[in-house]
file start34.cif (mmCIF, C-alpha atoms)
data_input
loop_
_atom_site.label_atom_id
_atom_site.label_comp_id
_atom_site.auth_asym_id
_atom_site.auth_seq_id
_atom_site.Cartn_x
_atom_site.Cartn_y
_atom_site.Cartn_z
CA MET A 1 -31.72 24.57 -13.95
CA LYS A 2 -34.40 22.26 -12.52
CA SER A 3 -32.10 19.28 -13.05
CA THR A 4 -29.27 21.07 -11.24
CA ASN A 5 -31.57 22.04 -8.38
CA LYS A 6 -32.63 18.41 -8.04
CA LEU A 7 -29.05 17.15 -8.05
CA MET A 8 -27.40 19.58 -5.63
CA PRO A 9 -29.14 18.50 -2.38
CA PHE A 10 -28.31 14.90 -3.28
CA VAL A 11 -24.64 15.86 -3.79
CA ILE A 12 -24.48 17.83 -0.53
CA VAL A 13 -25.93 15.06 1.62
CA THR A 14 -23.70 12.50 -0.11
CA PHE A 15 -20.57 14.57 0.62
CA ILE A 16 -21.46 14.78 4.30
CA TYR A 17 -21.86 11.00 4.28
CA PHE A 18 -18.32 10.81 2.86
CA ILE A 19 -17.10 12.66 5.95
CA VAL A 20 -18.89 10.18 8.22
CA GLY A 21 -17.26 7.21 6.46
CA PHE A 22 -13.83 8.80 6.61
CA LEU A 23 -13.96 9.58 10.32
CA THR A 24 -15.61 6.26 11.22
CA THR A 25 -12.74 4.32 9.68
CA ILE A 26 -10.12 6.60 11.23
CA ASN A 27 -11.64 5.70 14.60
CA GLU A 28 -11.30 1.99 13.80
CA GLN A 29 -7.78 2.28 12.38
CA LEU A 30 -6.53 3.99 15.53
CA GLN A 31 -7.08 0.72 17.43
CA ALA A 32 -3.71 -0.82 16.53
CA PRO A 33 -1.63 2.39 17.07
CA LEU A 34 -3.33 3.13 20.41
CA LYS A 35 -2.76 -0.47 21.49
CA ILE A 36 0.96 0.21 20.98
CA THR A 37 1.04 3.69 22.55
CA PHE A 38 -1.50 3.42 25.38
CA LEU A 39 -1.89 -0.25 26.30
CA THR A 40 1.63 -1.67 26.57
CA GLU A 41 0.97 -2.56 30.23
CA ALA A 42 -2.57 -3.90 29.81
CA GLY A 43 -1.59 -7.52 30.36
CA ASP A 44 -3.71 -10.30 28.86
CA ILE A 45 -6.71 -8.08 28.05
CA LYS A 46 -5.06 -5.85 25.47
CA ASN A 47 -7.34 -7.01 22.64
CA THR A 48 -10.47 -6.54 24.75
CA LEU A 49 -9.44 -3.03 25.81
CA THR A 50 -8.42 -2.13 22.26
CA THR A 51 -11.78 -3.13 20.78
CA LEU A 52 -13.49 -0.86 23.32
CA ILE A 53 -12.70 1.94 20.85
CA SER A 54 -15.17 0.48 18.35
CA PHE A 55 -17.55 -0.54 21.16
CA PHE A 56 -17.93 3.01 22.48
CA PHE A 57 -18.21 4.42 18.96
CA PHE A 58 -21.16 2.20 18.13
CA LEU A 59 -22.64 2.65 21.59
CA GLY A 60 -23.31 6.19 20.36
CA TYR A 61 -25.51 4.70 17.64
CA LEU A 62 -27.53 2.68 20.13
CA VAL A 63 -28.15 5.61 22.48
CA ASN A 64 -28.66 8.40 19.96
CA GLY A 65 -30.28 6.90 16.88
CA THR A 66 -33.75 7.76 18.15
CA LEU A 67 -32.50 11.20 19.19
CA GLY A 68 -31.64 11.87 15.56
CA SER A 69 -35.13 10.87 14.39
CA ARG A 70 -36.73 13.15 17.01
CA TRP A 71 -34.58 16.04 15.75
CA VAL A 72 -35.60 15.30 12.16
CA ASN A 73 -39.27 15.38 13.12
CA ARG A 74 -38.86 18.59 15.12
CA TYR A 75 -36.23 20.60 13.21
CA GLY A 76 -36.09 19.02 9.75
CA TYR A 77 -33.26 17.38 7.85
CA LYS A 78 -30.87 20.30 7.36
CA LYS A 79 -30.74 21.46 10.99
CA THR A 80 -30.27 17.89 12.15
CA ILE A 81 -27.27 17.48 9.82
CA ILE A 82 -25.70 20.64 11.26
CA ARG A 83 -26.20 19.33 14.81
CA GLY A 84 -24.51 16.09 13.80
CA LEU A 85 -21.53 17.99 12.38
CA MET A 86 -21.23 19.92 15.65
CA PHE A 87 -21.02 16.58 17.47
CA ILE A 88 -18.08 15.69 15.20
CA VAL A 89 -16.22 18.84 16.27
CA LEU A 90 -16.83 17.96 19.93
CA GLY A 91 -15.66 14.37 19.45
CA LEU A 92 -12.47 15.41 17.63
CA SER A 93 -11.80 17.95 20.40
CA VAL A 94 -12.01 15.18 23.00
CA TYR A 95 -9.60 13.09 20.89
CA LEU A 96 -7.23 16.06 20.90
CA THR A 97 -7.54 16.42 24.68
CA SER A 98 -6.79 12.71 25.08
CA THR A 99 -3.69 13.03 22.92
CA ILE A 100 -2.34 16.06 24.79
CA ILE A 101 -2.87 14.40 28.19
CA GLY A 102 -1.36 11.12 26.98
CA HIS A 103 1.72 12.95 25.70
CA ASN A 104 2.28 15.35 28.59
CA PHE A 105 1.18 13.08 31.47
CA PRO A 106 2.23 9.53 30.48
CA HIS A 107 2.15 8.30 34.10
CA PHE A 108 -1.41 9.51 34.75
CA ASN A 109 -2.81 5.98 34.92
CA LEU A 110 -5.58 3.81 36.34
CA LYS A 111 -4.21 0.59 37.89
CA ILE A 112 -6.39 -2.51 38.29
CA GLY A 113 -4.23 -5.35 39.53
CA ASP A 114 -1.50 -5.89 36.96
CA VAL A 115 -3.38 -3.91 34.31
CA VAL A 116 -2.39 -0.29 33.73
CA ILE A 117 -4.76 1.92 31.70
CA PRO A 118 -3.74 5.53 30.97
CA TYR A 119 -6.46 8.09 31.70
CA GLY A 120 -5.68 9.55 28.29
CA TYR A 121 -7.00 6.32 26.77
CA LEU A 122 -10.19 6.50 28.83
CA ILE A 123 -10.72 10.06 27.58
CA PHE A 124 -10.22 8.82 24.02
CA LEU A 125 -13.02 6.29 24.57
CA CYS A 126 -15.32 9.19 25.55
CA GLY A 127 -14.40 10.90 22.29
CA SER A 128 -15.12 7.71 20.39
CA TYR A 129 -18.62 7.63 21.93
CA ILE A 130 -19.26 11.24 20.89
CA MET A 131 -18.07 10.51 17.35
CA GLY A 132 -20.51 7.60 17.26
CA CYS A 133 -23.29 9.96 18.34
CA SER A 134 -22.46 12.30 15.47
CA ALA A 135 -22.40 9.50 12.91
CA ALA A 136 -25.74 8.18 14.20
CA VAL A 137 -27.46 11.55 13.95
CA ILE A 138 -26.16 12.19 10.44
CA GLN A 139 -27.10 8.72 9.21
CA VAL A 140 -30.65 9.18 10.49
CA VAL A 141 -30.84 12.04 8.00
CA VAL A 142 -28.90 10.52 5.10
CA ASN A 143 -30.56 7.11 4.78
CA PRO A 144 -34.25 8.13 4.51
CA TYR A 145 -33.36 11.34 2.67
CA ILE A 146 -31.49 9.50 -0.08
CA ALA A 147 -34.00 6.64 -0.20
CA SER A 148 -36.98 9.03 -0.48
CA TYR A 149 -35.38 11.81 -2.54
CA ASP A 150 -36.92 12.23 -5.99
CA LEU A 151 -33.88 12.07 -8.27
CA PRO A 152 -35.12 11.34 -11.81
CA GLY A 153 -34.04 8.06 -13.39
CA THR A 154 -33.07 6.32 -10.14
CA GLN A 155 -34.60 3.89 -7.64
CA PRO A 156 -34.02 3.89 -3.84
CA VAL A 157 -31.48 1.03 -3.64
CA GLN A 158 -29.56 2.56 -6.57
CA ARG A 159 -29.38 6.00 -4.92
CA LEU A 160 -28.28 4.41 -1.65
CA ASN A 161 -25.56 2.47 -3.47
CA ILE A 162 -24.28 5.69 -5.08
CA THR A 163 -24.20 7.52 -1.75
CA THR A 164 -22.64 4.65 0.16
CA GLY A 165 -20.14 4.32 -2.70
CA ILE A 166 -18.95 7.88 -2.05
CA ASN A 167 -18.95 7.01 1.65
CA SER A 168 -16.60 4.14 0.76
CA ILE A 169 -14.09 6.57 -0.74
CA GLY A 170 -13.79 7.95 2.78
CA THR A 171 -13.47 4.53 4.40
CA THR A 172 -10.92 3.42 1.78
CA SER A 173 -8.64 6.44 2.14
CA ALA A 174 -8.79 6.58 5.96
CA PRO A 175 -6.38 3.69 6.76
CA PHE A 176 -3.57 5.24 4.75
CA PHE A 177 -4.45 8.67 6.19
CA VAL A 178 -3.82 7.22 9.65
CA THR A 179 -0.63 5.43 8.59
CA VAL A 180 0.94 8.06 6.34
CA VAL A 181 -0.43 11.42 7.54
CA MET A 182 -1.15 10.92 11.23
CA PHE A 183 1.90 8.74 11.95
CA SER A 184 4.20 9.94 9.15
CA GLY A 185 4.65 6.51 7.57
CA ILE A 186 6.98 5.16 10.29
CA SER A 187 6.87 1.59 11.60
CA ILE A 188 3.92 0.91 13.92
CA GLU A 189 6.32 -0.04 16.74
CA SER A 190 7.87 3.45 16.61
CA ILE A 191 4.77 5.66 16.64
CA GLN A 192 4.14 8.25 19.36
CA ILE A 193 0.83 9.61 20.59
CA LYS A 194 1.94 13.25 20.09
CA GLN A 195 1.83 12.70 16.32
CA LEU A 196 -1.97 12.92 16.47
CA ILE A 197 -2.05 16.53 17.71
CA THR A 198 -1.54 18.37 14.41
CA PRO A 199 -3.80 16.23 12.14
CA LEU A 200 -6.62 16.28 14.72
CA SER A 201 -6.39 20.07 14.94
CA ILE A 202 -6.61 20.35 11.14
CA LEU A 203 -9.61 17.99 11.01
CA ILE A 204 -11.44 20.13 13.59
CA LEU A 205 -10.92 23.27 11.49
CA CYS A 206 -12.11 21.44 8.35
CA ILE A 207 -15.36 20.29 9.96
CA ILE A 208 -16.04 23.80 11.30
CA ALA A 209 -15.68 25.07 7.72
CA VAL A 210 -18.14 22.39 6.51
CA ILE A 211 -20.66 23.51 9.15
CA PHE A 212 -20.58 27.13 7.94
CA LEU A 213 -20.88 25.99 4.32
CA THR A 214 -23.82 23.68 5.06
CA LYS A 215 -25.72 26.49 6.80
CA LYS A 216 -25.63 28.49 3.57
CA LEU A 217 -26.72 25.67 1.25
CA ASN A 218 -30.24 24.62 0.32
CA ILE A 219 -31.25 21.18 1.59
CA PRO A 220 -35.05 21.01 1.14
CA ASP A 221 -37.27 18.93 3.40
CA LEU A 222 -39.07 15.87 2.01
CA PRO A 223 -42.86 15.55 2.36
CA HIS A 224 -44.57 12.52 3.93
CA THR A 225 -41.37 11.08 5.43
CA ARG A 226 -41.71 12.43 8.95
CA VAL A 227 -44.43 13.06 11.49
CA ALA A 228 -46.05 16.49 11.45
CA GLU A 229 -45.78 18.55 14.64
CA GLY A 230 -48.39 17.39 17.15
CA GLU A 231 -49.31 14.31 15.11
CA VAL A 232 -49.52 10.98 16.94
CA LEU A 233 -48.64 7.72 15.21
CA GLU A 234 -51.47 5.19 15.29
CA ARG A 235 -49.24 2.13 15.76
CA SER A 236 -45.75 1.09 16.76
CA VAL A 237 -43.19 1.01 13.99
CA PHE A 238 -42.17 -2.42 15.33
CA SER A 239 -45.59 -3.74 14.31
CA PHE A 240 -44.22 -3.85 10.75
CA ARG A 241 -42.66 -7.30 10.65
CA HIS A 242 -40.40 -6.67 7.66
CA PHE A 243 -39.01 -3.60 9.41
CA THR A 244 -38.37 -5.37 12.72
CA LEU A 245 -36.55 -8.22 10.99
CA GLY A 246 -34.66 -5.63 8.92
CA VAL A 247 -33.44 -3.98 12.12
CA MET A 248 -32.15 -7.36 13.30
CA ALA A 249 -30.51 -7.95 9.91
CA ILE A 250 -28.69 -4.62 10.03
CA PHE A 251 -27.52 -5.42 13.59
CA PHE A 252 -25.83 -8.55 12.27
CA TYR A 253 -24.66 -6.84 9.07
CA VAL A 254 -22.83 -4.01 10.82
CA GLY A 255 -21.53 -6.53 13.34
CA THR A 256 -19.70 -8.54 10.71
CA GLU A 257 -18.77 -5.51 8.56
CA VAL A 258 -17.08 -3.61 11.37
CA ALA A 259 -15.54 -6.68 13.03
CA ILE A 260 -13.62 -7.46 9.85
CA GLY A 261 -12.63 -3.85 9.15
CA ALA A 262 -11.56 -3.15 12.73
CA ASN A 263 -10.02 -6.47 13.77
CA ILE A 264 -8.31 -7.72 10.62
CA ASN A 265 -5.33 -5.50 11.50
CA LEU A 266 -5.04 -7.13 14.91
CA TYR A 267 -5.31 -10.59 13.35
CA ALA A 268 -2.57 -9.64 10.86
CA LEU A 269 -0.25 -8.43 13.65
CA GLU A 270 -0.85 -11.70 15.51
CA ARG A 271 0.05 -13.73 12.41
CA ILE A 272 3.17 -11.63 11.81
CA LYS A 273 4.28 -11.97 15.44
CA SER A 274 3.88 -15.76 15.30
CA GLY A 275 6.22 -15.99 12.32
CA ASN A 276 3.61 -16.01 9.55
CA PRO A 277 4.21 -12.79 7.59
CA ILE A 278 1.43 -11.29 5.48
CA THR A 279 2.67 -10.89 1.94
CA PHE A 280 1.40 -8.73 -0.90
CA PHE A 281 2.65 -9.94 -4.29
CA GLY A 282 5.56 -11.60 -2.49
CA ARG A 283 6.46 -8.54 -0.39
CA GLU A 284 6.32 -8.56 3.41
CA ASP A 285 6.44 -4.78 3.72
CA MET A 286 5.05 -1.71 1.97
CA ILE A 287 8.00 0.69 2.20
CA ILE A 288 7.79 3.18 -0.65
CA GLY A 289 10.09 6.19 -0.76
CA GLY A 290 11.18 5.52 2.80
CA ILE A 291 7.59 5.56 4.07
CA ASP A 292 6.20 2.41 5.68
CA PHE A 293 2.60 2.12 4.42
CA GLY A 294 2.17 -1.10 6.40
CA VAL A 295 0.77 -4.35 5.00
CA HIS A 296 -1.67 -4.43 7.93
CA ALA A 297 -3.03 -1.06 6.80
CA LEU A 298 -3.21 -2.35 3.24
CA LEU A 299 -5.52 -5.16 4.38
CA SER A 300 -8.05 -2.67 5.76
CA THR A 301 -7.65 -0.34 2.80
CA LEU A 302 -8.39 -3.09 0.31
CA TYR A 303 -11.27 -4.37 2.44
CA TRP A 304 -12.93 -0.93 2.50
CA GLY A 305 -11.84 -0.44 -1.10
CA GLY A 306 -13.93 -3.49 -1.93
CA PHE A 307 -16.93 -1.51 -0.69
CA LEU A 308 -16.07 1.28 -3.09
CA VAL A 309 -15.74 -1.05 -6.07
CA GLY A 310 -18.79 -3.11 -5.17
CA ARG A 311 -21.00 -0.06 -4.66
CA ALA A 312 -19.83 1.47 -7.92
CA ILE A 313 -20.82 -1.72 -9.72
CA SER A 314 -24.10 -2.26 -7.87
CA SER A 315 -25.20 1.34 -8.52
CA PHE A 316 -25.95 0.16 -12.07
CA PHE A 317 -28.16 -2.72 -10.88
CA ASN A 318 -31.43 -0.84 -11.26
CA LYS A 319 -33.31 -3.94 -12.41
CA ILE A 320 -32.05 -6.54 -9.92
CA PRO A 321 -34.30 -6.71 -6.81
CA ALA A 322 -32.64 -5.88 -3.49
CA GLN A 323 -33.54 -9.26 -1.97
CA VAL A 324 -31.78 -11.09 -4.83
CA GLN A 325 -28.64 -8.98 -4.43
CA LEU A 326 -28.66 -9.65 -0.69
CA ALA A 327 -29.14 -13.42 -1.04
CA VAL A 328 -26.28 -13.80 -3.53
CA THR A 329 -23.76 -11.63 -1.65
CA THR A 330 -24.39 -13.19 1.79
CA THR A 331 -24.01 -16.68 0.37
CA ILE A 332 -20.65 -15.94 -1.27
CA ALA A 333 -19.44 -13.99 1.82
CA THR A 334 -20.15 -17.00 4.03
CA ILE A 335 -18.06 -19.23 1.76
CA LEU A 336 -15.16 -16.76 1.76
CA ILE A 337 -15.08 -16.41 5.57
CA LEU A 338 -15.09 -20.18 6.07
CA THR A 339 -12.30 -20.52 3.52
CA SER A 340 -10.26 -17.87 5.34
CA ILE A 341 -10.66 -19.72 8.64
CA PHE A 342 -9.61 -23.12 7.39
CA GLN A 343 -6.79 -21.90 5.17
CA GLU A 344 -5.65 -19.16 7.63
CA ASN A 345 -5.54 -16.71 4.74
CA LEU A 346 -6.54 -13.13 5.54
CA TRP A 347 -6.99 -12.17 1.89
CA TYR A 348 -10.29 -14.07 1.76
CA LEU A 349 -11.55 -11.80 4.57
CA VAL A 350 -10.43 -8.79 2.54
CA ALA A 351 -12.50 -10.03 -0.41
CA VAL A 352 -15.64 -10.01 1.75
CA GLY A 353 -15.64 -6.20 1.51
CA LEU A 354 -16.65 -6.46 -2.14
CA LEU A 355 -19.75 -8.43 -1.12
CA HIS A 356 -20.63 -6.34 1.93
CA SER A 357 -20.72 -3.25 -0.26
CA SER A 358 -24.40 -3.34 -1.22
CA MET A 359 -25.86 -5.11 1.82
CA TRP A 360 -26.70 -1.94 3.77
CA SER A 361 -28.59 -0.45 0.83
CA CYS A 362 -30.47 -3.69 0.22
CA ILE A 363 -31.51 -4.20 3.84
CA PHE A 364 -32.44 -0.55 4.41
CA SER A 365 -34.52 -0.21 1.26
CA LEU A 366 -36.36 -3.46 2.02
CA ALA A 367 -36.92 -2.59 5.69
CA ILE A 368 -38.42 0.90 5.19
CA LYS A 369 -40.54 -0.01 2.18
CA ASP A 370 -44.17 1.20 2.48
CA LEU A 371 -43.64 2.85 5.90
CA GLY A 372 -44.86 6.30 4.81
CA LYS A 373 -44.84 8.79 7.68
CA TYR A 374 -43.18 6.21 9.91
CA THR A 375 -40.00 6.46 7.82
CA SER A 376 -38.01 9.00 9.89
CA LYS A 377 -38.80 7.25 13.17
CA ALA A 378 -37.92 3.90 11.61
CA SER A 379 -34.63 5.33 10.39
CA GLY A 380 -33.65 6.35 13.92
CA ILE A 381 -34.35 2.87 15.25
CA PHE A 382 -32.61 1.37 12.23
CA VAL A 383 -29.49 3.41 12.88
CA SER A 384 -29.52 2.36 16.54
CA ALA A 385 -29.12 -1.22 15.33
CA VAL A 386 -25.67 -0.22 14.05
CA PHE A 387 -24.68 -0.98 17.66
CA GLY A 388 -24.05 -4.48 16.31
CA GLY A 389 -20.68 -3.13 15.22
CA ALA A 390 -19.80 -2.58 18.88
CA VAL A 391 -21.13 -5.90 20.15
CA PHE A 392 -19.47 -8.23 17.68
CA THR A 393 -16.17 -6.33 17.60
CA LEU A 394 -15.88 -6.45 21.40
CA VAL A 395 -17.06 -10.05 21.69
CA GLN A 396 -14.56 -11.09 19.05
CA GLY A 397 -11.76 -9.29 20.89
CA GLY A 398 -12.73 -11.03 24.13
CA LEU A 399 -12.76 -14.42 22.40
CA ALA A 400 -9.34 -13.69 20.87
CA ASP A 401 -7.97 -13.07 24.38
CA PHE A 402 -9.70 -16.19 25.72
CA PHE A 403 -8.46 -18.50 22.95
CA HIS A 404 -5.15 -16.63 22.50
CA SER A 405 -5.92 -16.51 18.78
CA TRP A 406 -8.18 -14.69 16.33
CA ARG A 407 -8.55 -17.63 13.96
CA TYR A 408 -11.85 -19.26 14.98
CA THR A 409 -13.42 -16.03 16.24
CA TRP A 410 -14.42 -15.38 12.62
CA LEU A 411 -17.18 -17.98 13.00
CA LEU A 412 -19.15 -15.08 14.54
CA ASN A 413 -19.12 -13.47 11.11
CA VAL A 414 -20.47 -16.65 9.54
CA ALA A 415 -23.45 -16.54 11.91
CA CYS A 416 -24.10 -12.93 10.89
CA GLU A 417 -24.04 -13.75 7.19
CA LEU A 418 -26.50 -16.65 7.64
CA PHE A 419 -29.02 -14.43 9.45
CA MET A 420 -28.88 -11.87 6.64
CA LEU A 421 -29.38 -14.67 4.13
CA SER A 422 -32.57 -15.70 5.93
CA TYR A 423 -33.82 -12.10 5.73
CA ALA A 424 -33.15 -12.05 1.98
CA LEU A 425 -35.08 -15.29 1.51
CA PHE A 426 -38.04 -14.80 3.87
CA GLY A 427 -37.85 -11.85 6.28
CA TYR A 428 -38.16 -9.01 3.76
CA LYS A 429 -41.70 -9.97 2.68
CA ILE A 430 -44.38 -7.45 3.69
CA ARG A 431 -47.54 -8.77 5.31
CA ALA A 432 -50.86 -7.65 3.85
CA GLN A 433 -51.72 -5.61 6.97
CA ASP A 434 -48.39 -3.79 6.75
CA ARG A 435 -48.92 -2.41 3.25
CA GLN A 436 -48.36 1.27 2.53
CA ILE A 437 -50.04 3.64 4.96
CA VAL A 438 -51.99 6.39 3.24
CA THR A 439 -51.12 9.84 4.57
CA GLY A 440 -51.22 13.51 3.67
CA LYS A 441 -52.33 14.29 0.14
CA GLN A 442 -52.94 10.66 -0.71
CA GLU A 443 -55.56 10.47 2.03
CA GLU A 444 -57.14 13.68 0.82
CA ILE A 445 -57.38 12.29 -2.72
CA ILE A 446 -59.16 9.17 -1.46
CA HIS A 447 -61.65 11.22 0.55
CA ALA A 448 -62.27 13.48 -2.44
CA SER A 449 -62.92 10.50 -4.70
CA HIS A 450 -65.69 9.37 -2.32
#
call {"tool": "encode", "arguments": {"input": "start34.cif", "output": "structure tokens"}}
result
Amino acid sequence: MKSTNKLMPFVIVTFIYFIVGFLTTINEQLQAPLKITFLTEAGDIKNTLTTLISFFFFLGYLVNGTLGSRWVNRYGYKKTIIRGLMFIVLGLSVYLTSTIIGHNFPHFNLKIGDVVIPYGYLIFLCGSYIMGCSAAVIQVVVNPYIASYDLPGTQPVQRLNITTGINSIGTTSAPFFVTVVMFSGISIESIQIKQLITPLSILILCIIAVIFLTKKLNIPDLPHTRVAEGEVLERSVFSFRHFTLGVMAIFFYVGTEVAIGANINLYALERIKSGNPITFFGREDMIIGGIDFGVHALLSTLYWGGFLVGRAISSFFNKIPAQVQLAVTTTIATILILTSIFQENLWYLVAVGLLHSSMWSCIFSLAIKDLGKYTSKASGIFVSAVFGGAVFTLVQGGLADFFHSWRYTWLLNVACELFMLSYALFGYKIRAQDRQIVTGKQEEIIHASH
């Protein structure tokens, strides 16, 4: 019974993280379909406008990461999760509104010179921001909760790899959910915005059901991971050098992770349009039973699937230090990206997903080590650094428009990998003055011993 009681909160929080991964990737995978349905008259800035979907999503992380940590300190972990789920319902509702307006009022547009942007698309960007807010709030809970949760026989990086592995099931299934369920498996050139109405409505009802279920479940608080009410922190969390450098590392990590996942579809469509079809075991299409699964969708699915496989494998690495895992994976990822650029082969980019799989867990566990009561605040700031996913995705889209090609824009990803490698080699080390802060019962024990 005690073992079951220990396991259940871990399972609950992990399942909610699955939902976040699923909806995050749906948001990214809607870039290509919305480019076709909303931005046909966007001129030479189609790629830039399309990547605004990811930009606004991750802007929510930047703005609301610290909000999530304040809620954790004030209301606890469970109530903060519920608030995050309510944000998801709001975001999906805005998506639904965007879809209805785009379908019923196709000529309701904003014109800037030769560029025509439907107001329905602008509303969708607002929904993307709200979805980013929800993901940020929930991740502020999940990351420190899983890292600090006392699950017998596990270590922090191992627990994070298990949880992010389940998250990867969501990210892996989402591309085909968009292609097959949302758009009924028809060719991307034939999709219509009205096809989103029914699946979005169903997703809203599902999340409402999850909210009611979560309210009834037991998710206990964790001691010594957040500031007590009225307590003032003696120093800035940024005074911990390994944490500050970890925040920078996660900024670059999410930048390269999301840029590949979100933009590889657009790169594939460019290659196909220029007469260079993407083949999978010699096939240029993925039509099965009359349903077009789309090779471009397969690229993203296998990329995110690499996360699932890699996290499943790395969850057994309970004796390999996080910094070693990070150094090895960033080195190999750099080689693969450079190979993809020079050989113009997208499958090397897909393979990077296998290596990216454990990087988040490694960086997070190294960055929050020995932070004590600063942990929840640090998690909020850490999650805000996920904004890197917005910056690098948008910058890459702008460069693709500027150079009229995606090919050499992937050098941005190389720069990200090299920064993370430097963190694995040097940045993770904790200075003597930044060693574990004694709080709560530990402090009482020291006083009693004197």
call {"tool": "residues_around", "arguments": {"input": "start34.cif", "residues": "Ala424 (chain A)", "least_positions_apart": "6", "cutoff": "6 Å", "atoms": "all atoms listed in the file", "output": "PyMOL selection string"}}
result
chain A and resi 323+326-327
call {"tool": "atom_distance", "arguments": {"input": "start34.cif", "atom1": "CA of Leu346 (chain A)", "atom2": "CA of His404 (chain A)"}}
result
17.4 Å
call {"tool": "closest_residue", "arguments": {"input": "start34.cif", "among": "A:Arg70, A:Lys369, A:Arg241, A:His103", "to": "Lys194 (chain A)", "atoms": "only C-alpha atoms"}}
result
A:His103
call {"tool": "closest_residue", "arguments": {"input": "start34.cif", "among": "A:Leu338, A:Ala367, A:Val89, A:Leu266", "to": "Thr48 (chain A)", "atoms": "all atoms listed in the file"}}
result
A:Leu266
call {"tool": "resolve_selection", "arguments": {"input": "start34.cif", "expression": "the PyMOL selection byres ((chain A and resi 347) around 10)", "output": "list in words"}}
result
Ile264, Ile278, Thr279, Phe280, Leu299, Leu302, Tyr303, Leu336, Ile337, Ser340, Glu344, Asn345, Leu346, Tyr348, Leu349, Val350, Ala351 and Val352 of chain A
call {"tool": "write_last_selection", "arguments": {"input": "start34.cif", "atoms": "C-alpha atoms", "output": "JSON list (two decimals), in the frame of the given file"}}
result
[["chain", "number", "residue", "atom", "x", "y", "z"],
["A", 264, "ILE", "CA", -8.31, -7.72, 10.62],
["A", 278, "ILE", "CA", 1.43, -11.29, 5.48],
["A", 279, "THR", "CA", 2.67, -10.89, 1.94],
["A", 280, "PHE", "CA", 1.40, -8.73, -0.90],
["A", 299, "LEU", "CA", -5.52, -5.16, 4.38],
["A", 302, "LEU", "CA", -8.39, -3.09, 0.31],
["A", 303, "TYR", "CA", -11.27, -4.37, 2.44],
["A", 336, "LEU", "CA", -15.16, -16.76, 1.76],
["A", 337, "ILE", "CA", -15.08, -16.41, 5.57],
["A", 340, "SER", "CA", -10.26, -17.87, 5.34],
["A", 344, "GLU", "CA", -5.65, -19.16, 7.63],
["A", 345, "ASN", "CA", -5.54, -16.71, 4.74],
["A", 346, "LEU", "CA", -6.54, -13.13, 5.54],
["A", 348, "TYR", "CA", -10.29, -14.07, 1.76],
["A", 349, "LEU", "CA", -11.55, -11.80, 4.57],
["A", 350, "VAL", "CA", -10.43, -8.79, 2.54],
["A", 351, "ALA", "CA", -12.50, -10.03, -0.41],
["A", 352, "VAL", "CA", -15.64, -10.01, 1.75]]
call {"tool": "atom_distance", "arguments": {"input": "start34.cif", "atom1": "CA of Ile53 (chain A)", "atom2": "CA of Asn27 (chain A)"}}
result
7.4 Å
call {"tool": "resolve_selection", "arguments": {"input": "start34.cif", "expression": "the PyMOL selection byres ((chain A and resi 204) around 12)", "output": "PDB file with C-alpha atoms, in the coordinates of the input"}}
result
ATOM      1  CA  LEU A  23     -13.960   9.580  10.320  1.00  0.00           C
ATOM      2  CA  LEU A  85     -21.530  17.990  12.380  1.00  0.00           C
ATOM      3  CA  MET A  86     -21.230  19.920  15.650  1.00  0.00           C
ATOM      4  CA  PHE A  87     -21.020  16.580  17.470  1.00  0.00           C
ATOM      5  CA  ILE A  88     -18.080  15.690  15.200  1.00  0.00           C
ATOM      6  CA  VAL A  89     -16.220  18.840  16.270  1.00  0.00           C
ATOM      7  CA  LEU A  90     -16.830  17.960  19.930  1.00  0.00           C
ATOM      8  CA  GLY A  91     -15.660  14.370  19.450  1.00  0.00           C
ATOM      9  CA  LEU A  92     -12.470  15.410  17.630  1.00  0.00           C
ATOM     10  CA  SER A  93     -11.800  17.950  20.400  1.00  0.00           C
ATOM     11  CA  VAL A  94     -12.010  15.180  23.000  1.00  0.00           C
ATOM     12  CA  TYR A  95      -9.600  13.090  20.890  1.00  0.00           C
ATOM     13  CA  LEU A  96      -7.230  16.060  20.900  1.00  0.00           C
ATOM     14  CA  ILE A 197      -2.050  16.530  17.710  1.00  0.00           C
ATOM     15  CA  THR A 198      -1.540  18.370  14.410  1.00  0.00           C
ATOM     16  CA  PRO A 199      -3.800  16.230  12.140  1.00  0.00           C
ATOM     17  CA  LEU A 200      -6.620  16.280  14.720  1.00  0.00           C
ATOM     18  CA  SER A 201      -6.390  20.070  14.940  1.00  0.00           C
ATOM     19  CA  ILE A 202      -6.610  20.350  11.140  1.00  0.00           C
ATOM     20  CA  LEU A 203      -9.610  17.990  11.010  1.00  0.00           C
ATOM     21  CA  LEU A 205     -10.920  23.270  11.490  1.00  0.00           C
ATOM     22  CA  CYS A 206     -12.110  21.440   8.350  1.00  0.00           C
ATOM     23  CA  ILE A 207     -15.360  20.290   9.960  1.00  0.00           C
ATOM     24  CA  ILE A 208     -16.040  23.800  11.300  1.00  0.00           C
ATOM     25  CA  ALA A 209     -15.680  25.070   7.720  1.00  0.00           C
ATOM     26  CA  VAL A 210     -18.140  22.390   6.510  1.00  0.00           C
ATOM     27  CA  ILE A 211     -20.660  23.510   9.150  1.00  0.00           C
TER      28      ILE A 211
END
call {"tool": "residues_around", "arguments": {"input": "start34.cif", "residues": "Lys35 (chain A)", "least_positions_apart": "4", "cutoff": "8 Å", "atoms": "only C-alpha atoms", "output": "ChimeraX atom specification"}}
result
/A:31,39-40,46,50
call {"tool": "resolve_selection", "arguments": {"input": "start34.cif", "expression": "the PyMOL selection byres ((chain A and resi 356) around 10)", "output": "number ranges by chain"}}
result
A: 253-254, 256-257, 303-304, 306-307, 310-311, 326, 329-330, 333, 351-355, 357-361, 417
